[in-house]
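The file model_3.txt comes next; it holds compact mmCIF, C-alpha atoms.
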# COMPACT_ATOMS: atom_id res chain seq x y z
CA MET A 276 -13.93 15.87 11.41
CA THR A 277 -11.65 14.50 14.12
CA HIS A 278 -13.95 14.47 17.12
CA LEU A 279 -13.47 11.16 18.90
CA THR A 280 -16.63 9.77 20.46
CA ALA A 281 -16.56 7.68 23.62
CA LYS A 282 -17.11 4.63 21.40
CA ASP A 283 -14.17 5.57 19.18
CA LYS A 284 -11.89 5.87 22.21
CA GLU A 285 -13.06 2.56 23.62
CA THR A 286 -12.54 0.82 20.26
CA VAL A 287 -9.05 2.30 19.91
CA LYS A 288 -8.00 1.37 23.46
CA THR A 289 -9.35 -2.19 23.15
CA PHE A 290 -7.68 -2.76 19.78
CA TRP A 291 -4.45 -1.16 20.97
CA ALA A 292 -4.33 -3.46 23.98
CA LYS A 293 -4.41 -6.42 21.57
CA ILE A 294 -1.71 -5.15 19.25
CA SER A 295 0.61 -3.01 21.37
CA SER A 296 3.20 -5.74 21.92
CA ASN A 297 3.74 -5.65 18.13
CA GLY A 298 4.28 -1.90 18.16
CA ALA A 299 7.89 -1.93 16.96
CA ALA A 300 7.13 -4.39 14.13
CA ILE A 301 4.10 -2.37 13.04
CA GLY A 302 6.15 0.83 13.01
CA ALA A 303 9.04 -0.75 11.09
CA ASP A 304 6.74 -2.16 8.40
CA ALA A 305 4.68 1.04 8.11
CA LEU A 306 7.76 3.23 7.76
CA SER A 307 9.48 0.79 5.33
CA ARG A 308 6.38 0.72 3.24
CA MET A 309 5.92 4.49 3.25
CA LEU A 310 9.46 5.09 1.99
CA VAL A 311 8.91 2.66 -0.91
CA VAL A 312 5.31 3.48 -1.85
CA TYR A 313 5.55 7.26 -1.35
CA PRO A 314 9.16 7.99 -2.28
CA GLN A 315 8.77 11.74 -1.72
CA THR A 316 8.85 10.94 2.02
CA LYS A 317 12.48 9.87 1.68
CA THR A 318 13.41 13.54 1.53
CA TYR A 319 13.14 13.70 5.31
CA PHE A 320 15.69 10.94 5.85
CA SER A 321 18.64 11.93 3.68
CA HIS A 322 20.82 11.60 6.78
CA TRP A 323 20.27 7.81 6.96
CA LYS A 324 22.70 5.46 5.28
CA ASP A 325 20.09 2.87 4.44
CA LEU A 326 16.46 3.57 3.57
CA SER A 327 15.60 0.07 2.43
CA PRO A 328 12.72 -1.86 4.03
CA GLY A 329 13.72 -3.37 7.37
CA SER A 330 17.05 -1.57 7.58
CA ALA A 331 18.44 -0.68 11.01
CA PRO A 332 17.59 3.05 10.95
CA VAL A 333 14.11 2.31 9.57
CA LYS A 334 13.41 -0.29 12.27
CA LYS A 335 14.66 1.99 15.02
CA HIS A 336 12.65 4.93 13.82
CA GLY A 337 9.53 2.83 13.27
CA ALA A 338 9.70 1.83 16.93
CA THR A 339 10.13 5.48 17.95
CA VAL A 340 7.08 6.52 15.96
CA MET A 341 4.91 3.76 17.39
CA SER A 342 5.91 4.56 20.95
CA GLY A 343 4.61 8.05 20.16
CA VAL A 344 1.35 6.48 19.00
CA ALA A 345 1.21 4.39 22.20
CA ASP A 346 1.67 7.59 24.20
CA ALA A 347 -1.18 9.15 22.22
CA VAL A 348 -3.48 6.23 23.09
CA ALA A 349 -2.72 6.82 26.78
CA LYS A 350 -3.47 10.53 26.35
CA ILE A 351 -6.47 10.03 24.10
CA ASP A 352 -8.67 12.27 26.24
CA ASP A 353 -6.54 15.34 25.55
CA LEU A 354 -4.26 14.83 22.59
CA THR A 355 -3.48 18.52 22.13
CA ALA A 356 -2.09 18.87 25.64
CA GLY A 357 -0.59 15.40 25.72
CA LEU A 358 1.33 15.75 22.45
CA LEU A 359 2.45 19.36 22.97
CA SER A 360 6.18 18.74 23.03
CA LEU A 361 5.95 16.32 20.10
CA SER A 362 4.09 19.00 18.19
CA GLU A 363 6.82 21.51 18.94
CA LEU A 364 9.43 19.01 17.79
CA HIS A 365 7.66 18.41 14.47
CA ALA A 366 6.88 22.11 13.96
CA PHE A 367 10.18 23.77 14.80
CA THR A 368 12.86 21.13 14.49
CA LEU A 369 11.69 18.45 12.07
CA ARG A 370 9.39 20.69 10.03
CA VAL A 371 7.60 17.75 8.44
CA ASP A 372 4.89 18.92 6.07
CA PRO A 373 1.63 17.85 7.75
CA SER A 374 0.39 16.16 4.57
CA ASN A 375 2.85 13.40 5.40
CA PHE A 376 1.02 12.52 8.62
CA LYS A 377 -1.85 11.33 6.47
CA ILE A 378 0.49 9.26 4.35
CA LEU A 379 2.10 7.55 7.33
CA SER A 380 -1.32 6.99 8.94
CA HIS A 381 -2.52 5.20 5.79
CA ASN A 382 0.53 2.97 5.83
CA ILE A 383 -0.02 2.13 9.49
CA LEU A 384 -3.59 1.10 8.63
CA VAL A 385 -2.35 -1.09 5.75
CA VAL A 386 0.05 -2.86 8.15
CA LEU A 387 -2.76 -3.36 10.68
CA ALA A 388 -4.87 -4.95 7.92
CA ILE A 389 -1.98 -7.27 7.05
CA MET A 390 -1.11 -8.25 10.61
CA PHE A 391 -4.61 -8.41 12.13
CA PRO A 392 -6.98 -9.27 9.27
CA THR A 393 -9.83 -10.53 11.47
CA ASP A 394 -9.55 -7.88 14.18
CA PHE A 395 -9.18 -4.95 11.80
CA THR A 396 -12.89 -4.81 10.99
CA PRO A 397 -14.49 -1.78 9.29
CA GLU A 398 -15.56 -0.51 12.73
CA VAL A 399 -12.02 -0.73 14.09
CA HIS A 400 -10.70 0.77 10.85
CA VAL A 401 -12.86 3.90 11.14
CA ALA A 402 -11.99 4.39 14.81
CA MET A 403 -8.25 3.99 14.13
CA ASP A 404 -8.42 6.27 11.09
CA LYS A 405 -10.18 8.95 13.16
CA PHE A 406 -7.68 8.48 15.99
CA LEU A 407 -4.63 8.83 13.74
CA ALA A 408 -6.20 11.90 12.13
CA ALA A 409 -6.70 13.39 15.61
CA VAL A 410 -3.06 12.61 16.46
CA ALA A 411 -1.98 14.28 13.20
CA ARG A 412 -4.03 17.33 14.06
CA ALA A 413 -2.52 17.53 17.56
CA LEU A 414 0.96 17.23 16.02
CA SER A 415 0.14 20.11 13.64
CA GLU A 416 -1.02 22.43 16.43
CA LYS A 417 2.24 24.32 16.89
CA TYR A 418 3.08 24.77 13.22
CA ARG A 419 1.79 28.33 12.90
CA MET B 75 1.98 7.52 -21.46
CA VAL B 76 2.58 5.54 -18.29
CA LYS B 77 5.63 3.30 -18.26
CA TRP B 78 5.27 0.04 -16.38
CA THR B 79 8.23 -2.05 -15.32
CA ASP B 80 8.02 -5.80 -15.90
CA PHE B 81 7.61 -6.25 -12.16
CA GLU B 82 4.73 -3.76 -11.95
CA ARG B 83 2.94 -5.23 -14.94
CA ALA B 84 3.29 -8.80 -13.68
CA THR B 85 2.28 -7.80 -10.14
CA ILE B 86 -0.95 -6.11 -11.23
CA GLN B 87 -1.91 -8.99 -13.52
CA ASP B 88 -1.11 -11.46 -10.76
CA ILE B 89 -3.14 -9.64 -8.11
CA PHE B 90 -6.23 -9.42 -10.30
CA SER B 91 -5.96 -13.01 -11.46
CA LYS B 92 -5.99 -14.22 -7.86
CA ILE B 93 -8.54 -12.04 -6.05
CA ASP B 94 -12.19 -12.94 -5.73
CA TYR B 95 -13.96 -9.96 -7.30
CA ASP B 96 -17.17 -10.89 -5.52
CA VAL B 97 -15.44 -10.55 -2.15
CA VAL B 98 -13.00 -7.70 -2.68
CA GLY B 99 -15.37 -5.35 -4.51
CA PRO B 100 -18.15 -5.43 -1.90
CA ALA B 101 -15.63 -5.34 0.97
CA ALA B 102 -13.87 -2.26 -0.42
CA LEU B 103 -17.06 -0.34 -1.16
CA SER B 104 -18.69 -1.13 2.18
CA ARG B 105 -15.51 -0.20 4.03
CA CYS B 106 -15.46 3.12 2.17
CA LEU B 107 -19.08 3.87 3.12
CA ILE B 108 -18.32 2.98 6.75
CA VAL B 109 -14.95 4.69 7.18
CA TYR B 110 -15.86 7.78 5.13
CA PRO B 111 -19.62 8.08 5.73
CA TRP B 112 -20.00 11.23 3.64
CA THR B 113 -19.45 9.03 0.57
CA GLN B 114 -22.94 7.68 1.26
CA ARG B 115 -24.23 10.84 -0.40
CA TYR B 116 -23.91 9.08 -3.77
CA PHE B 117 -25.98 6.09 -2.75
CA GLY B 118 -29.30 7.58 -1.70
CA GLY B 119 -31.24 4.84 -3.49
CA PHE B 120 -29.43 2.00 -1.75
CA GLY B 121 -31.74 1.65 1.22
CA ASN B 122 -30.42 0.96 4.71
CA LEU B 123 -26.92 2.38 5.24
CA TYR B 124 -27.58 3.20 8.86
CA ASN B 125 -24.66 1.43 10.46
CA ALA B 126 -21.70 -0.80 9.64
CA ALA B 127 -23.72 -4.01 9.91
CA ALA B 128 -26.44 -2.65 7.60
CA ILE B 129 -23.88 -1.49 5.05
CA THR B 130 -21.96 -4.77 5.10
CA SER B 131 -25.13 -6.79 4.54
CA ASN B 132 -26.74 -4.43 2.03
CA PRO B 133 -27.22 -6.32 -1.28
CA LYS B 134 -27.13 -3.14 -3.40
CA VAL B 135 -23.77 -2.19 -1.91
CA ALA B 136 -22.46 -5.68 -2.63
CA ALA B 137 -23.74 -5.58 -6.21
CA HIS B 138 -22.20 -2.17 -6.78
CA GLY B 139 -18.90 -3.28 -5.30
CA LYS B 140 -18.73 -5.91 -8.02
CA VAL B 141 -19.50 -3.28 -10.68
CA VAL B 142 -16.56 -1.20 -9.43
CA LEU B 143 -14.18 -4.16 -9.59
CA ALA B 144 -15.38 -5.00 -13.10
CA GLY B 145 -14.51 -1.43 -14.03
CA LEU B 146 -11.03 -1.87 -12.57
CA GLU B 147 -10.59 -5.03 -14.60
CA LYS B 148 -10.90 -2.92 -17.75
CA ALA B 149 -7.87 -0.96 -16.62
CA VAL B 150 -5.96 -4.16 -15.84
CA LYS B 151 -6.66 -5.41 -19.36
CA ASN B 152 -5.57 -2.11 -20.94
CA MET B 153 -2.70 -1.04 -18.75
CA ASP B 154 -0.93 0.79 -21.56
CA ASP B 155 -3.78 3.18 -22.19
CA ILE B 156 -5.99 3.46 -19.14
CA LYS B 157 -6.65 7.11 -19.95
CA THR B 158 -8.45 6.27 -23.22
CA THR B 159 -10.10 3.16 -21.79
CA TYR B 160 -11.63 5.27 -19.02
CA LYS B 161 -12.76 8.24 -21.10
CA GLU B 162 -16.45 7.38 -20.96
CA LEU B 163 -16.27 6.29 -17.33
CA SER B 164 -14.71 9.64 -16.50
CA VAL B 165 -17.48 11.54 -18.30
CA LEU B 166 -20.05 9.36 -16.52
CA HIS B 167 -18.62 10.10 -13.06
CA SER B 168 -18.27 13.81 -13.74
CA GLU B 169 -21.40 14.68 -15.69
CA LYS B 170 -23.99 12.10 -14.71
CA LEU B 171 -22.98 10.83 -11.28
CA GLN B 172 -21.33 14.11 -10.24
CA VAL B 173 -18.88 12.42 -7.89
CA ASP B 174 -16.29 14.66 -6.22
CA PRO B 175 -13.07 13.15 -7.60
CA ASP B 176 -11.36 13.36 -4.19
CA ASN B 177 -13.60 10.44 -3.27
CA PHE B 178 -11.73 8.22 -5.75
CA ASN B 179 -8.73 8.33 -3.41
CA LEU B 180 -10.86 7.32 -0.45
CA LEU B 181 -12.15 4.23 -2.26
CA ALA B 182 -8.64 3.50 -3.53
CA ASP B 183 -7.28 3.57 0.04
CA CYS B 184 -10.03 1.20 1.21
CA LEU B 185 -9.33 -1.14 -1.70
CA THR B 186 -5.64 -1.16 -0.74
CA ILE B 187 -6.49 -2.03 2.86
CA VAL B 188 -8.88 -4.82 1.83
CA LEU B 189 -6.25 -6.24 -0.51
CA ALA B 190 -3.60 -6.02 2.21
CA GLY B 191 -5.89 -7.97 4.54
CA GLN B 192 -6.39 -10.64 1.89
CA MET B 193 -2.77 -10.99 0.79
CA GLY B 194 -1.11 -10.68 4.19
CA ALA B 195 2.67 -10.84 4.09
CA ALA B 196 2.56 -11.29 0.29
CA PHE B 197 1.56 -7.62 0.11
CA THR B 198 5.18 -6.54 0.37
CA PRO B 199 6.23 -2.88 0.11
CA GLU B 200 7.17 -3.48 -3.54
CA VAL B 201 3.83 -5.09 -4.40
CA HIS B 202 2.08 -2.31 -2.46
CA ALA B 203 3.99 0.31 -4.47
CA ALA B 204 2.99 -1.29 -7.78
CA PHE B 205 -0.64 -1.39 -6.69
CA GLN B 206 -0.51 2.20 -5.49
CA LYS B 207 0.91 3.30 -8.85
CA PHE B 208 -1.84 1.42 -10.68
CA LEU B 209 -4.51 3.08 -8.53
CA ALA B 210 -2.92 6.50 -9.06
CA VAL B 211 -3.15 6.03 -12.84
CA VAL B 212 -6.76 4.82 -12.54
CA VAL B 213 -7.72 7.82 -10.39
CA ALA B 214 -5.93 10.28 -12.69
CA SER B 215 -7.75 8.78 -15.70
CA LEU B 216 -11.10 9.03 -13.94
CA ARG B 217 -10.35 12.69 -13.16
CA LYS B 218 -9.35 13.49 -16.72
CA GLN B 219 -12.78 14.45 -18.11
CA TYR B 220 -13.77 16.71 -15.22
CA HIS B 221 -14.07 20.28 -16.47
Would you mind writing the file out in structure tokens?
Amino acid sequence: MTHLTAKDKETVKTFWAKISSNGAAIGADALSRMLVVYPQTKTYFSHWKDLSPGSAPVKKHGATVMSGVADAVAKIDDLTAGLLSLSELHAFTLRVDPSNFKILSHNILVVLAIMFPTDFTPEVHVAMDKFLAAVARALSEKYR
Amino acid sequence: MVKWTDFERATIQDIFSKIDYDVVGPAALSRCLIVYPWTQRYFGGFGNLYNAAAITSNPKVAAHGKVVLAGLEKAVKNMDDIKTTYKELSVLHSEKLQVDPDNFNLLADCLTIVLAGQMGAAFTPEVHAAFQKFLAVVVASLRKQYH
């Protein structure tokens, strides 16, 4: 289900090169959106003072998440090895239920559609969806 | 019964009054068939679905996309009882078409992404949440008659 073909990787890298300078903004919007549209995800952020869209902790964390995604693009040829320590973090420390990776991925795709309507074609959409699913799977590796 | 806030009600009505059904329907369905190719299993009689270009230009896909949006319009016009409005549609999808109801979420996600692309910044988190709630009610109603 999450086998990335050479074409997928090429599509992801090309698209990422176009959008990477907007990484922090993409992350902030995706995270803001997720907390509003899927309120159950707020349970992971009870330690933040302000969970509203565009708040300081949301912006900061959105940037953190997207730099993880950027790292994944660079390590696209071996996500399991490349994201090992991130997987351990999510598995043992954060203990985020993996179903939430899918939720955040969807919100990232929605933001990409908003910000890059002409570039986010169906072909790019499927490659990015597959890529984010592969990242989610790599992040889930250490869970059990 | 589903409770809609004034904002949610107004947002859904507003979205559907402004979108071009002939664009959004076909775009959402073709995106679904491209991004989740196993959904093509339900469209064996549609001819060439071989690649993204073929799907996007396929007239049967476009026509069916419009049918789907027309179905959604029924829900928009009967927001206070989508469950009853969709009873026959639910039976149709379960007994005649035999569609795995998990696919409804795939199409819903594609519709959201197409709408986001159309509305741009106007698709705020709050508008997105209202639309997501609407789609969740639609999907739940379509699932209702599956036994």
What are the closest atom pairs, with distances in Å to one decimal, for each residue of range 102-221 of chain B lying within 10 Å of range 79-85 of chain B, using all atoms listed in the file, rows by chain and rising residue number, as a tab-separated table?
residue	atom	partner	partner_atom	distance
B:Val150	CA	B:Arg83	CA	9.0
B:Met153	CA	B:Arg83	CA	8.0
B:Asp154	CA	B:Arg83	CA	9.7
B:Glu200	CA	B:Glu82	CA	8.8
B:Val201	CA	B:Thr85	CA	6.5
B:His202	CA	B:Thr85	CA	9.4
B:Ala203	CA	B:Glu82	CA	8.5
B:Ala204	CA	B:Glu82	CA	5.1
B:Phe205	CA	B:Thr85	CA	7.8
B:Lys207	CA	B:Glu82	CA	8.6
B:Phe208	CA	B:Glu82	CA	8.5
With C-alpha atoms kept, could you save the residues just selected as an mmCIF file, in the coordinates of the input?
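Output below, filename out.cif:
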data_model
loop_
_atom_site.group_PDB
_atom_site.id
_atom_site.type_symbol
_atom_site.label_atom_id
_atom_site.label_comp_id
_atom_site.auth_asym_id
_atom_site.auth_seq_id
_atom_site.Cartn_x
_atom_site.Cartn_y
_atom_site.Cartn_z
ATOM 1 C CA VAL B 150 -5.960 -4.160 -15.840
ATOM 2 C CA MET B 153 -2.700 -1.040 -18.750
ATOM 3 C CA ASP B 154 -0.930 0.790 -21.560
ATOM 4 C CA GLU B 200 7.170 -3.480 -3.540
ATOM 5 C CA VAL B 201 3.830 -5.090 -4.400
ATOM 6 C CA HIS B 202 2.080 -2.310 -2.460
ATOM 7 C CA ALA B 203 3.990 0.310 -4.470
ATOM 8 C CA ALA B 204 2.990 -1.290 -7.780
ATOM 9 C CA PHE B 205 -0.640 -1.390 -6.690
ATOM 10 C CA LYS B 207 0.910 3.300 -8.850
ATOM 11 C CA PHE B 208 -1.840 1.420 -10.680
#
**Item:** Nearby residues (only C-alpha atoms) at most 10 Å from Val385 in chain A, same-chain spacing under 5 positions excluded, as a list in words
**Value:**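 Everything that qualifies: Ile301, Asp304, Ala305, Arg308, Leu379, Ser380, Met390, Phe391, Phe395 and His400 of chain A; Asp183, Cys184, Thr186, Ile187, Val188, Leu189, Ala190, Gly191, Gly194, Phe197 and His202 of chain B.
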**Prompt:** What's the 10 Å shell around Ala303 in chain A, counting only C-alpha atoms, without same-chain residues fewer than 2 positions away, as a PyMOL selection string?
**Reply:** chain A and resi 298-301+305-309+328-341+383+386
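Compared by their closest atoms to Ala210 in chain B, and using only C-alpha atoms, the residues B:Lys157, B:Arg105, B:His138, B:Lys148 rank with B:Lys157 nearest.
Of the listed residues A:Gly357, A:Asp352, A:His365, A:Thr396, the one whose atoms come nearest to Thr280 in chain A is A:Asp352, with distances taken using all atoms listed in the file.
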**Item:** Residues of chain A within 6 Å of chain B, counting all atoms listed in the file, as a ChimeraX atom specification
**Value:** /A:308,312,385,388-389,392,397,401
**Message:** Quick one: residues within 8 Å of Ala402 in chain A, all atoms listed in the file, excluding same-chain residues fewer than 6 positions away - as a count of residues only?
**Reply:** 4
**Item:** Best match for closeness to Lys77 in chain B among B:Ala128, B:Leu171, B:Val211, B:Val97, counting only C-alpha atoms
**Value:**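 Under the stated criterion, the closest residue is B:Val211.
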**Pairwise distance for CA of Val371 in chain A and CA of Pro314 in chain A, rounded to one decimal in Å** =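 Atom-to-atom, CA of Val371 in chain A and CA of Pro314 in chain A are spaced 14.6 Å apart.
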